[in-house]
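A quick write-up on the structure given underneath.
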Amino acid sequence: MDNLLSVRNLRTYFHLEEGVARVIDDVSLEVGRGQTTALVGESGCGKTMLALSILNLVPGPGKVVGGQIFFQEKNLLKLSDKEFQTLRGKDIAMVFQEPMSSFNPVLTVGFQIAESLIYHRNLSKEEATEEAINLLKKVEIPEPDLRFHDYPHQLSGGMRQRAMIAMGLSCKPKLLILDEPTTALDVTIQAQVLDLVKKIKEEEKLTIVLITHDLAIVEDLAEKVAIMYAGRIVETGSIKEIFLGCRHPYTGGLLASVPDLAHPREFLKAIRGTVPEPLNKPGGCPFHPRCERRIEPCDKAFPAEIRITETHSVGCYNPVDADLRR
Amino acid sequence: MGTDTGKQIRTPGQIALVRLRKHRMAIVGFWTLVVLYSLAIFAGFITPYSFDNEQRENSYTPPTRVHLVDSRGKLWPFIYSSRQEFDQFYNRIYSEDKSRAYPVEIFHRGDEYKFLGILKTDLHLFGVEEPARIYLLGADSRGRDLFSRILHGARISLSIGLIGVAISFILGMFLGGVSGYFGGKIDNLIMRSCEIVMMVPAFYLMLTLRATFPSNLSSVEVYFLIVVILSFIGWAGLARVVRGMALSLRDKEFVLAARACGVGHIKIILRHILPNLFSYIVVALTLSIPGYILGESALSLLGLGIQDPYASWGNLLSEAMAISEIHRHPWILIPGVFIFITVAAFNLLGDGLRDAFDPYKTILK
């Protein structure tokens, strides 16, 4: 299969005084060209860290300690800083989740979009300005030539998020990572931004990695889903396979905790307990203390991946019976 | 934001400017500085004599009185030339020689100078015909006009502040930015060298640095030497503050976003981090210029800076180091008044800037 990005056995650890936090623990992920892959999980499960690892931007004491990341058959972890710098923005771009703090408050929005155009595409200032205004138009910001000169605080939340996407798109990247693109927005604006993402994906033939905890967005945008829990990917599959025939108890729990408008009288089924701290992860399957289907080997070692179909795989000793769920 | 439809939203800089305009003392400081710097820039034209035009027999002539009305009631500014006698202790006693009045001419032709450093001319704003001499603020030991020398000295004293501050701020901002942004070993190295510079009392450091260079340098070399010495002392304090600010800014998401766009480290420091410190830097810059002016004055006062016949406010004051001289010719203290006014003006302006940029301050009225 034609994979634009493939992550193999990636491990990102934070070496702290209190111990080693295994934030990304043996993660493998294939992202098909032209596909939208959703990375789903609770807060703190390592979704954003996985994205930052791909861009080699892991902050502070964190470090990628093992594994491989192939992007267009190139191992990213072998690149020098300089090579990485030219790759960022140009081949892989990322849109961050907080549109307010992701813009520098003292520079105009236009300048920040034009900036990478000047660096990566060697455009003159005038050309970059023109191109940035075009990008603002593309993300459907009204009066783009006026907004170009605005400071971030002068834009509304939705506009800022659009401008963020324009910034991500500026150098026509092959892979766009969207880190919770709609979390900070209200529902109507969310829908607009999602439509925009869909439209742009069609137009630019983008490959997208969508990081989110909102399953509704996943269903709307993605073709493939990877469920993450405590630094590991526990289940991957196509939309259909996950939403209709998930096998991992955690995925089942996530899906069950979405409010169901058809049966409003039922209680929400929350997953018991909380996500383990990265410093203090339980041995074996990290989910086992919260799992209702826990069996003998669950706390010993992480289960090997079980392939169910070509695209669907799960890491669990006692997966949910597919027929039961249907 | 929401309600003010149609009203232009102001940038933080514009808001600060509006506030500054309402700050009366800051405006006084600002215009004082404008006047002082214009006097320095046009010193050649405004002063009646060049800085080294001396007439030794006129040593310590007191300030010349400008008369407006003559004995016949006619209104015209004129002066009398001064006559000197000696008393029994060989002290000079000056009096006005009323035998002939010398009119104060506007656009008088006198010593040659270069207007703004380019145009050669001998036109002065005012002057009197020889042999009379006009000493608005009195004369120094060699009979040079103190007014002319103060204005020529202002060129050196006032420009050293600006150039010195520019160099040390560029240095301090860059090193502080790098230190805070990268952290780790680089940070350690830069901060420890900062502390070493700050540890030695500034004045001793200044003297020591001056002593490491030969004493027989040309005036231009001395000028640049002083600038370098003052900048070398000045960068450390700023670097420390900038470092702290850069440290808190580097973890902001917009830095990460810029990195994800493929912007390099140095460009992030220069274009994303330092502009965030702009308001602090403007204030710190204004408030630290007086330090440089005083530093130059101190070095020149001790004879380690600008050398005679070139004038700076510091070496003009060196004549006033003996109490007896001040007692007999109090006007030689006037350069000190200029230093005082300049320092006060910079502080007033800096204070106003600080208030203007303070986001928590609301202006009543």
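Every chain in the structure tokens takes a letter, A first, then B, and so on in the order presented; its residues are numbered from 1, and the ligands are numbered from 1 following the presented order.
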
For a quick test of understanding: name the residues of chain B lying within 9 Å of chain A when counting only C-alpha atoms, and present them as a PDB file with all heavy atoms, in the first residue's frame.
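Saved the output as out-v4.pdb:
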ATOM      1  N   MET B   1     -13.561  44.761  22.086  1.00  0.00           N
ATOM      2  CA  MET B   1     -13.523  44.766  20.629  1.00  0.00           C
ATOM      3  C   MET B   1     -14.932  44.883  20.059  1.00  0.00           C
ATOM      4  O   MET B   1     -15.282  45.872  19.464  1.00  0.00           O
ATOM      5  CB  MET B   1     -12.844  43.499  20.134  1.00  0.00           C
ATOM      6  CG  MET B   1     -12.064  43.767  18.904  1.00  0.00           C
ATOM      7  SD  MET B   1     -10.977  42.476  18.299  1.00  0.00           S
ATOM      8  CE  MET B   1     -11.355  40.998  19.107  1.00  0.00           C
ATOM      9  N   ILE B   9      -9.570  49.875  15.303  1.00  0.00           N
ATOM     10  CA  ILE B   9      -8.968  49.246  16.468  1.00  0.00           C
ATOM     11  C   ILE B   9      -7.505  49.650  16.517  1.00  0.00           C
ATOM     12  O   ILE B   9      -6.796  49.560  15.517  1.00  0.00           O
ATOM     13  CB  ILE B   9      -9.101  47.717  16.382  1.00  0.00           C
ATOM     14  CG1 ILE B   9     -10.572  47.348  16.298  1.00  0.00           C
ATOM     15  CG2 ILE B   9      -8.463  47.069  17.596  1.00  0.00           C
ATOM     16  CD1 ILE B   9     -10.802  45.935  15.857  1.00  0.00           C
ATOM     17  N   THR B  11      -3.547  49.634  17.621  1.00  0.00           N
ATOM     18  CA  THR B  11      -2.489  48.710  18.005  1.00  0.00           C
ATOM     19  C   THR B  11      -1.948  49.151  19.362  1.00  0.00           C
ATOM     20  O   THR B  11      -2.119  50.307  19.757  1.00  0.00           O
ATOM     21  CB  THR B  11      -1.349  48.724  16.984  1.00  0.00           C
ATOM     22  OG1 THR B  11      -0.779  50.032  16.988  1.00  0.00           O
ATOM     23  CG2 THR B  11      -1.858  48.399  15.592  1.00  0.00           C
ATOM     24  N   PRO B  12      -1.264  48.241  20.085  1.00  0.00           N
ATOM     25  CA  PRO B  12      -0.713  48.615  21.389  1.00  0.00           C
ATOM     26  C   PRO B  12       0.194  49.837  21.301  1.00  0.00           C
ATOM     27  O   PRO B  12       0.201  50.685  22.190  1.00  0.00           O
ATOM     28  CB  PRO B  12       0.076  47.367  21.787  1.00  0.00           C
ATOM     29  CG  PRO B  12      -0.551  46.246  21.044  1.00  0.00           C
ATOM     30  CD  PRO B  12      -1.082  46.838  19.774  1.00  0.00           C
ATOM     31  N   ASP B 251       8.449  28.968  25.259  1.00  0.00           N
ATOM     32  CA  ASP B 251       7.528  27.848  25.408  1.00  0.00           C
ATOM     33  C   ASP B 251       6.129  28.177  24.922  1.00  0.00           C
ATOM     34  O   ASP B 251       5.218  27.372  25.039  1.00  0.00           O
ATOM     35  CB  ASP B 251       7.466  27.411  26.877  1.00  0.00           C
ATOM     36  CG  ASP B 251       8.784  26.819  27.318  1.00  0.00           C
ATOM     37  OD1 ASP B 251       9.454  26.221  26.452  1.00  0.00           O
ATOM     38  OD2 ASP B 251       9.145  26.960  28.492  1.00  0.00           O
ATOM     39  N   LYS B 252       5.963  29.389  24.400  1.00  0.00           N
ATOM     40  CA  LYS B 252       4.649  29.761  23.890  1.00  0.00           C
ATOM     41  C   LYS B 252       4.361  28.992  22.607  1.00  0.00           C
ATOM     42  O   LYS B 252       5.269  28.628  21.865  1.00  0.00           O
ATOM     43  CB  LYS B 252       4.608  31.267  23.619  1.00  0.00           C
ATOM     44  CG  LYS B 252       4.685  32.089  24.876  1.00  0.00           C
ATOM     45  CD  LYS B 252       3.315  32.481  25.328  1.00  0.00           C
ATOM     46  CE  LYS B 252       3.262  32.828  26.721  1.00  0.00           C
ATOM     47  NZ  LYS B 252       3.112  33.829  27.439  1.00  0.00           N
ATOM     48  N   GLU B 253       3.082  28.802  22.352  1.00  0.00           N
ATOM     49  CA  GLU B 253       2.720  28.008  21.179  1.00  0.00           C
ATOM     50  C   GLU B 253       3.144  28.658  19.874  1.00  0.00           C
ATOM     51  O   GLU B 253       3.430  27.977  18.917  1.00  0.00           O
ATOM     52  CB  GLU B 253       1.212  27.767  21.176  1.00  0.00           C
ATOM     53  CG  GLU B 253       0.815  26.617  22.068  1.00  0.00           C
ATOM     54  CD  GLU B 253      -0.311  25.812  21.462  1.00  0.00           C
ATOM     55  OE1 GLU B 253      -1.177  26.425  20.834  1.00  0.00           O
ATOM     56  OE2 GLU B 253      -0.306  24.583  21.610  1.00  0.00           O
ATOM     57  N   PHE B 254       3.172  30.001  19.846  1.00  0.00           N
ATOM     58  CA  PHE B 254       3.503  30.606  18.565  1.00  0.00           C
ATOM     59  C   PHE B 254       4.943  30.337  18.158  1.00  0.00           C
ATOM     60  O   PHE B 254       5.258  30.312  16.975  1.00  0.00           O
ATOM     61  CB  PHE B 254       3.164  32.102  18.534  1.00  0.00           C
ATOM     62  CG  PHE B 254       3.931  32.958  19.498  1.00  0.00           C
ATOM     63  CD1 PHE B 254       5.234  33.310  19.242  1.00  0.00           C
ATOM     64  CD2 PHE B 254       3.325  33.435  20.640  1.00  0.00           C
ATOM     65  CE1 PHE B 254       5.928  34.123  20.114  1.00  0.00           C
ATOM     66  CE2 PHE B 254       4.006  34.246  21.521  1.00  0.00           C
ATOM     67  CZ  PHE B 254       5.323  34.582  21.260  1.00  0.00           C
ATOM     68  N   VAL B 255       5.796  30.112  19.139  1.00  0.00           N
ATOM     69  CA  VAL B 255       7.173  29.740  18.794  1.00  0.00           C
ATOM     70  C   VAL B 255       7.173  28.345  18.173  1.00  0.00           C
ATOM     71  O   VAL B 255       7.817  28.101  17.145  1.00  0.00           O
ATOM     72  CB  VAL B 255       8.077  29.788  20.034  1.00  0.00           C
ATOM     73  CG1 VAL B 255       9.447  29.217  19.732  1.00  0.00           C
ATOM     74  CG2 VAL B 255       8.208  31.220  20.536  1.00  0.00           C
ATOM     75  N   LEU B 256       6.417  27.444  18.778  1.00  0.00           N
ATOM     76  CA  LEU B 256       6.298  26.092  18.241  1.00  0.00           C
ATOM     77  C   LEU B 256       5.692  26.138  16.834  1.00  0.00           C
ATOM     78  O   LEU B 256       6.136  25.436  15.922  1.00  0.00           O
ATOM     79  CB  LEU B 256       5.416  25.266  19.180  1.00  0.00           C
ATOM     80  CG  LEU B 256       5.535  23.748  19.067  1.00  0.00           C
ATOM     81  CD1 LEU B 256       6.942  23.316  19.405  1.00  0.00           C
ATOM     82  CD2 LEU B 256       4.536  23.075  19.986  1.00  0.00           C
ATOM     83  N   ALA B 257       4.674  27.001  16.687  1.00  0.00           N
ATOM     84  CA  ALA B 257       4.026  27.118  15.384  1.00  0.00           C
ATOM     85  C   ALA B 257       5.008  27.625  14.336  1.00  0.00           C
ATOM     86  O   ALA B 257       5.036  27.133  13.206  1.00  0.00           O
ATOM     87  CB  ALA B 257       2.818  28.043  15.478  1.00  0.00           C
ATOM     88  N   ALA B 258       5.825  28.590  14.735  1.00  0.00           N
ATOM     89  CA  ALA B 258       6.821  29.112  13.795  1.00  0.00           C
ATOM     90  C   ALA B 258       7.834  28.033  13.446  1.00  0.00           C
ATOM     91  O   ALA B 258       8.250  27.887  12.292  1.00  0.00           O
ATOM     92  CB  ALA B 258       7.523  30.332  14.398  1.00  0.00           C
ATOM     93  N   ARG B 259       8.223  27.241  14.459  1.00  0.00           N
ATOM     94  CA  ARG B 259       9.163  26.145  14.203  1.00  0.00           C
ATOM     95  C   ARG B 259       8.530  25.149  13.240  1.00  0.00           C
ATOM     96  O   ARG B 259       9.181  24.650  12.327  1.00  0.00           O
ATOM     97  CB  ARG B 259       9.502  25.440  15.516  1.00  0.00           C
ATOM     98  CG  ARG B 259      10.257  26.293  16.487  1.00  0.00           C
ATOM     99  CD  ARG B 259      11.753  26.129  16.383  1.00  0.00           C
ATOM    100  NE  ARG B 259      12.218  24.883  16.948  1.00  0.00           N
ATOM    101  CZ  ARG B 259      13.038  24.051  16.309  1.00  0.00           C
ATOM    102  NH1 ARG B 259      13.430  24.326  15.105  1.00  0.00           N
ATOM    103  NH2 ARG B 259      13.442  22.947  16.894  1.00  0.00           N
ATOM    104  N   ALA B 260       7.253  24.857  13.453  1.00  0.00           N
ATOM    105  CA  ALA B 260       6.574  23.885  12.601  1.00  0.00           C
ATOM    106  C   ALA B 260       6.464  24.405  11.171  1.00  0.00           C
ATOM    107  O   ALA B 260       6.287  23.636  10.244  1.00  0.00           O
ATOM    108  CB  ALA B 260       5.185  23.577  13.153  1.00  0.00           C
ATOM    109  N   CYS B 261       6.565  25.717  11.009  1.00  0.00           N
ATOM    110  CA  CYS B 261       6.556  26.293   9.664  1.00  0.00           C
ATOM    111  C   CYS B 261       7.951  26.303   9.066  1.00  0.00           C
ATOM    112  O   CYS B 261       8.150  26.786   7.962  1.00  0.00           O
ATOM    113  CB  CYS B 261       6.032  27.720   9.691  1.00  0.00           C
ATOM    114  SG  CYS B 261       4.264  27.795   9.738  1.00  0.00           S
ATOM    115  N   GLY B 262       8.918  25.822   9.815  1.00  0.00           N
ATOM    116  CA  GLY B 262      10.258  25.743   9.279  1.00  0.00           C
ATOM    117  C   GLY B 262      11.063  27.016   9.436  1.00  0.00           C
ATOM    118  O   GLY B 262      11.991  27.256   8.684  1.00  0.00           O
ATOM    119  N   VAL B 263      10.722  27.847  10.413  1.00  0.00           N
ATOM    120  CA  VAL B 263      11.510  29.055  10.663  1.00  0.00           C
ATOM    121  C   VAL B 263      12.697  28.671  11.545  1.00  0.00           C
ATOM    122  O   VAL B 263      12.541  27.907  12.498  1.00  0.00           O
ATOM    123  CB  VAL B 263      10.649  30.126  11.360  1.00  0.00           C
ATOM    124  CG1 VAL B 263      11.437  31.402  11.525  1.00  0.00           C
ATOM    125  CG2 VAL B 263       9.395  30.389  10.563  1.00  0.00           C
ATOM    126  N   GLY B 264      13.869  29.214  11.222  1.00  0.00           N
ATOM    127  CA  GLY B 264      15.083  28.843  11.955  1.00  0.00           C
ATOM    128  C   GLY B 264      15.155  29.504  13.315  1.00  0.00           C
ATOM    129  O   GLY B 264      14.422  30.435  13.612  1.00  0.00           O
ATOM    130  N   ARG B 271      12.698  37.695  15.055  1.00  0.00           N
ATOM    131  CA  ARG B 271      11.420  38.173  14.525  1.00  0.00           C
ATOM    132  C   ARG B 271      10.234  37.823  15.401  1.00  0.00           C
ATOM    133  O   ARG B 271       9.172  38.419  15.260  1.00  0.00           O
ATOM    134  CB  ARG B 271      11.181  37.542  13.158  1.00  0.00           C
ATOM    135  CG  ARG B 271      12.241  37.942  12.193  1.00  0.00           C
ATOM    136  CD  ARG B 271      11.614  38.235  10.890  1.00  0.00           C
ATOM    137  NE  ARG B 271      12.630  38.450   9.903  1.00  0.00           N
ATOM    138  CZ  ARG B 271      12.387  38.403   8.614  1.00  0.00           C
ATOM    139  NH1 ARG B 271      11.184  38.135   8.194  1.00  0.00           N
ATOM    140  NH2 ARG B 271      13.346  38.631   7.765  1.00  0.00           N
ATOM    141  N   HIS B 272      10.355  36.829  16.248  1.00  0.00           N
ATOM    142  CA  HIS B 272       9.191  36.448  17.040  1.00  0.00           C
ATOM    143  C   HIS B 272       9.349  36.776  18.507  1.00  0.00           C
ATOM    144  O   HIS B 272       8.396  37.141  19.165  1.00  0.00           O
ATOM    145  CB  HIS B 272       8.893  34.956  16.873  1.00  0.00           C
ATOM    146  CG  HIS B 272       8.300  34.629  15.545  1.00  0.00           C
ATOM    147  ND1 HIS B 272       6.956  34.537  15.331  1.00  0.00           N
ATOM    148  CD2 HIS B 272       8.879  34.433  14.346  1.00  0.00           C
ATOM    149  CE1 HIS B 272       6.719  34.272  14.056  1.00  0.00           C
ATOM    150  NE2 HIS B 272       7.870  34.200  13.439  1.00  0.00           N
ATOM    151  N   ILE B 273      10.559  36.631  19.042  1.00  0.00           N
ATOM    152  CA  ILE B 273      10.710  36.846  20.476  1.00  0.00           C
ATOM    153  C   ILE B 273      11.024  38.310  20.787  1.00  0.00           C
ATOM    154  O   ILE B 273      10.330  38.940  21.571  1.00  0.00           O
ATOM    155  CB  ILE B 273      11.775  35.893  21.051  1.00  0.00           C
ATOM    156  CG1 ILE B 273      11.219  34.473  20.973  1.00  0.00           C
ATOM    157  CG2 ILE B 273      12.131  36.268  22.479  1.00  0.00           C
ATOM    158  CD1 ILE B 273      12.007  33.435  21.650  1.00  0.00           C
ATOM    159  N   PRO B 275      10.526  41.162  19.170  1.00  0.00           N
ATOM    160  CA  PRO B 275       9.445  42.148  19.031  1.00  0.00           C
ATOM    161  C   PRO B 275       8.450  42.133  20.193  1.00  0.00           C
ATOM    162  O   PRO B 275       7.838  43.145  20.499  1.00  0.00           O
ATOM    163  CB  PRO B 275       8.735  41.731  17.735  1.00  0.00           C
ATOM    164  CG  PRO B 275       9.772  41.024  16.963  1.00  0.00           C
ATOM    165  CD  PRO B 275      10.623  40.307  17.980  1.00  0.00           C
ATOM    166  N   ASN B 276       8.333  41.017  20.870  1.00  0.00           N
ATOM    167  CA  ASN B 276       7.460  40.947  22.030  1.00  0.00           C
ATOM    168  C   ASN B 276       7.992  41.764  23.200  1.00  0.00           C
ATOM    169  O   ASN B 276       7.262  42.069  24.128  1.00  0.00           O
ATOM    170  CB  ASN B 276       7.295  39.492  22.477  1.00  0.00           C
ATOM    171  CG  ASN B 276       6.151  38.822  21.771  1.00  0.00           C
ATOM    172  OD1 ASN B 276       5.002  39.106  22.044  1.00  0.00           O
ATOM    173  ND2 ASN B 276       6.457  37.955  20.830  1.00  0.00           N
TER     174      ASN B 276
END

Leaving out segment 82-95 of chain B and any residue of its chain fewer than 4 positions from it, which residues lie within 10 Å of it when counting only C-alpha atoms, given as a PDB file with N, CA, C and O atoms, in the first residue's frame?
ATOM      1  N   GLU B  57      44.384  86.213  26.628  1.00  0.00           N
ATOM      2  CA  GLU B  57      44.295  87.376  27.514  1.00  0.00           C
ATOM      3  C   GLU B  57      42.884  87.554  28.077  1.00  0.00           C
ATOM      4  O   GLU B  57      42.685  88.284  29.029  1.00  0.00           O
ATOM      5  N   ASN B  58      41.900  86.849  27.494  1.00  0.00           N
ATOM      6  CA  ASN B  58      40.531  86.943  28.001  1.00  0.00           C
ATOM      7  C   ASN B  58      40.185  85.821  28.972  1.00  0.00           C
ATOM      8  O   ASN B  58      39.027  85.488  29.169  1.00  0.00           O
ATOM      9  N   SER B  59      41.212  85.222  29.548  1.00  0.00           N
ATOM     10  CA  SER B  59      40.991  84.112  30.468  1.00  0.00           C
ATOM     11  C   SER B  59      39.929  84.441  31.520  1.00  0.00           C
ATOM     12  O   SER B  59      39.975  85.500  32.137  1.00  0.00           O
ATOM     13  N   TYR B  60      38.998  83.511  31.687  1.00  0.00           N
ATOM     14  CA  TYR B  60      37.941  83.624  32.692  1.00  0.00           C
ATOM     15  C   TYR B  60      37.176  84.943  32.615  1.00  0.00           C
ATOM     16  O   TYR B  60      36.845  85.532  33.643  1.00  0.00           O
ATOM     17  N   THR B  61      36.884  85.420  31.408  1.00  0.00           N
ATOM     18  CA  THR B  61      36.008  86.580  31.288  1.00  0.00           C
ATOM     19  C   THR B  61      34.619  86.174  31.763  1.00  0.00           C
ATOM     20  O   THR B  61      34.126  85.125  31.380  1.00  0.00           O
ATOM     21  N   PRO B  62      33.998  86.994  32.617  1.00  0.00           N
ATOM     22  CA  PRO B  62      32.650  86.624  33.052  1.00  0.00           C
ATOM     23  C   PRO B  62      31.647  86.761  31.904  1.00  0.00           C
ATOM     24  O   PRO B  62      31.948  87.409  30.905  1.00  0.00           O
ATOM     25  N   THR B  64      29.193  87.909  29.254  1.00  0.00           N
ATOM     26  CA  THR B  64      29.023  89.252  28.720  1.00  0.00           C
ATOM     27  C   THR B  64      27.582  89.710  28.902  1.00  0.00           C
ATOM     28  O   THR B  64      26.655  88.938  28.675  1.00  0.00           O
ATOM     29  N   ARG B  65      27.445  90.976  29.305  1.00  0.00           N
ATOM     30  CA  ARG B  65      26.091  91.511  29.416  1.00  0.00           C
ATOM     31  C   ARG B  65      25.632  91.999  28.066  1.00  0.00           C
ATOM     32  O   ARG B  65      26.346  92.734  27.393  1.00  0.00           O
ATOM     33  N   PRO B 131      37.564  93.824  17.877  1.00  0.00           N
ATOM     34  CA  PRO B 131      38.206  92.984  18.882  1.00  0.00           C
ATOM     35  C   PRO B 131      37.258  92.587  20.009  1.00  0.00           C
ATOM     36  O   PRO B 131      37.690  91.847  20.884  1.00  0.00           O
ATOM     37  N   ALA B 132      36.007  93.070  20.022  1.00  0.00           N
ATOM     38  CA  ALA B 132      35.108  92.663  21.105  1.00  0.00           C
ATOM     39  C   ALA B 132      34.767  91.186  20.947  1.00  0.00           C
ATOM     40  O   ALA B 132      34.776  90.653  19.840  1.00  0.00           O
ATOM     41  N   ARG B 133      34.517  90.533  22.054  1.00  0.00           N
ATOM     42  CA  ARG B 133      34.095  89.124  22.003  1.00  0.00           C
ATOM     43  C   ARG B 133      32.857  88.950  22.859  1.00  0.00           C
ATOM     44  O   ARG B 133      32.742  89.548  23.924  1.00  0.00           O
ATOM     45  N   ILE B 134      31.940  88.123  22.359  1.00  0.00           N
ATOM     46  CA  ILE B 134      30.713  87.894  23.123  1.00  0.00           C
ATOM     47  C   ILE B 134      30.824  86.557  23.852  1.00  0.00           C
ATOM     48  O   ILE B 134      31.064  85.517  23.249  1.00  0.00           O
ATOM     49  N   ARG B 328      35.756  81.636  42.281  1.00  0.00           N
ATOM     50  CA  ARG B 328      36.052  82.858  41.547  1.00  0.00           C
ATOM     51  C   ARG B 328      35.312  82.945  40.217  1.00  0.00           C
ATOM     52  O   ARG B 328      34.941  84.009  39.767  1.00  0.00           O
TER      53      ARG B 328
END

Out of B:Leu39, B:Gly138, B:Gly110, B:Val18, which residue has the shortest atom-to-atom distance to His329 of chain B when counting only C-alpha atoms? B:Gly138

When you look at Glu221 of chain B with a cut-off of 12 Å (counting only C-alpha atoms), what residues show up, excluding the ones that are within fewer than 5 positions of it in the same chain? I need them as a ChimeraX atom specification. /B:210,213-216,226-228,305-307

Pick out the residues sitting within 10 Å of segment 192-208 of chain B, and hand them over as a list in words; count only C-alpha atoms, and ignore anything fewer than 5 positions along from it in its own chain. Gly172, Leu175, Gly176, Ile186, Asp187, Phe213, Ile226, Ile229, Leu230, Phe232, Ile233, Gly234, Trp235, Ala236, Gly237, Leu238, Ala239, Arg240, Gly295, Glu296, Ala298, Leu299, Leu302 and Leu304 of chain B

Which neighbours of Leu196 of chain A fall inside 10 Å, counting only C-alpha atoms, when residues of the same chain fewer than 2 positions from it are skipped, and could you give them as an MDAnalysis selection string? chainID A and resid 138:140 162 165 190:194 198:202

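The two atoms in question, atom CA of Ser43 of chain A and atom CA of Glu180 of chain A, are spaced 10.8 Å apart.
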
Near segment 148-157 of chain B, within 6 Å and counting only C-alpha atoms, which residues show up once chain neighbours fewer than 6 positions away are dropped, as a PyMOL selection string? chain B and resi 40+43+47+49+51+293+311-313

Could you take the residues named above and write them with C-alpha atoms, as a PDB file, in the first residue's frame?
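Written output follows (out_26.pdb):
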ATOM      1  CA  ALA B  40      24.097  69.892  19.262  1.00  0.00           C
ATOM      2  CA  ALA B  43      26.174  73.771  17.076  1.00  0.00           C
ATOM      3  CA  THR B  47      27.587  79.278  18.344  1.00  0.00           C
ATOM      4  CA  TYR B  49      32.957  80.776  17.811  1.00  0.00           C
ATOM      5  CA  PHE B  51      35.310  75.173  19.981  1.00  0.00           C
ATOM      6  CA  ILE B 293      26.225  60.351  29.320  1.00  0.00           C
ATOM      7  CA  ALA B 311      35.125  69.682  24.249  1.00  0.00           C
ATOM      8  CA  SER B 312      32.752  67.379  26.032  1.00  0.00           C
ATOM      9  CA  TRP B 313      30.633  68.197  29.020  1.00  0.00           C
TER      10      TRP B 313
END

Can you check which residues of segment 16-169 of chain B DSSP gives as helix (DSSP H, G or I) on the backbone and send them as a VMD selection string? chain B and resid 16 to 22 24 to 41 43 to 46 56 to 58 146 to 169

Between B:Tyr223, B:Phe42, B:Phe147, B:Phe30, which is the closest to Ile334 of chain B once you count only C-alpha atoms?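 Closest to Ile334 of chain B, using only C-alpha atoms: B:Phe147.
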
Which polymer residues have any atom within 10 Å of an atom of Gly253 of chain A, counting only C-alpha atoms, with same-chain residues fewer than 3 positions away left out, as a list in words?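 The residues that qualify are His248, Pro249, Tyr250, Ala256, Ser257, Val258, Lys269, Ala270, Ile271, Arg272, Cys291 and Glu292 of chain A.
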
What does the distance between atom CA of Leu317 of chain B and atom CA of Gly161 of chain B come to in Å, to one decimal place? 17.7 Å

Taking the DSSP assignment computed from this structure's backbone, write out as a ChimeraX atom specification all residues of segment 51-198 of chain B that belong to strand (DSSP E or B). /B:67-69,75-86,92-103,105-115,119-127,139,145
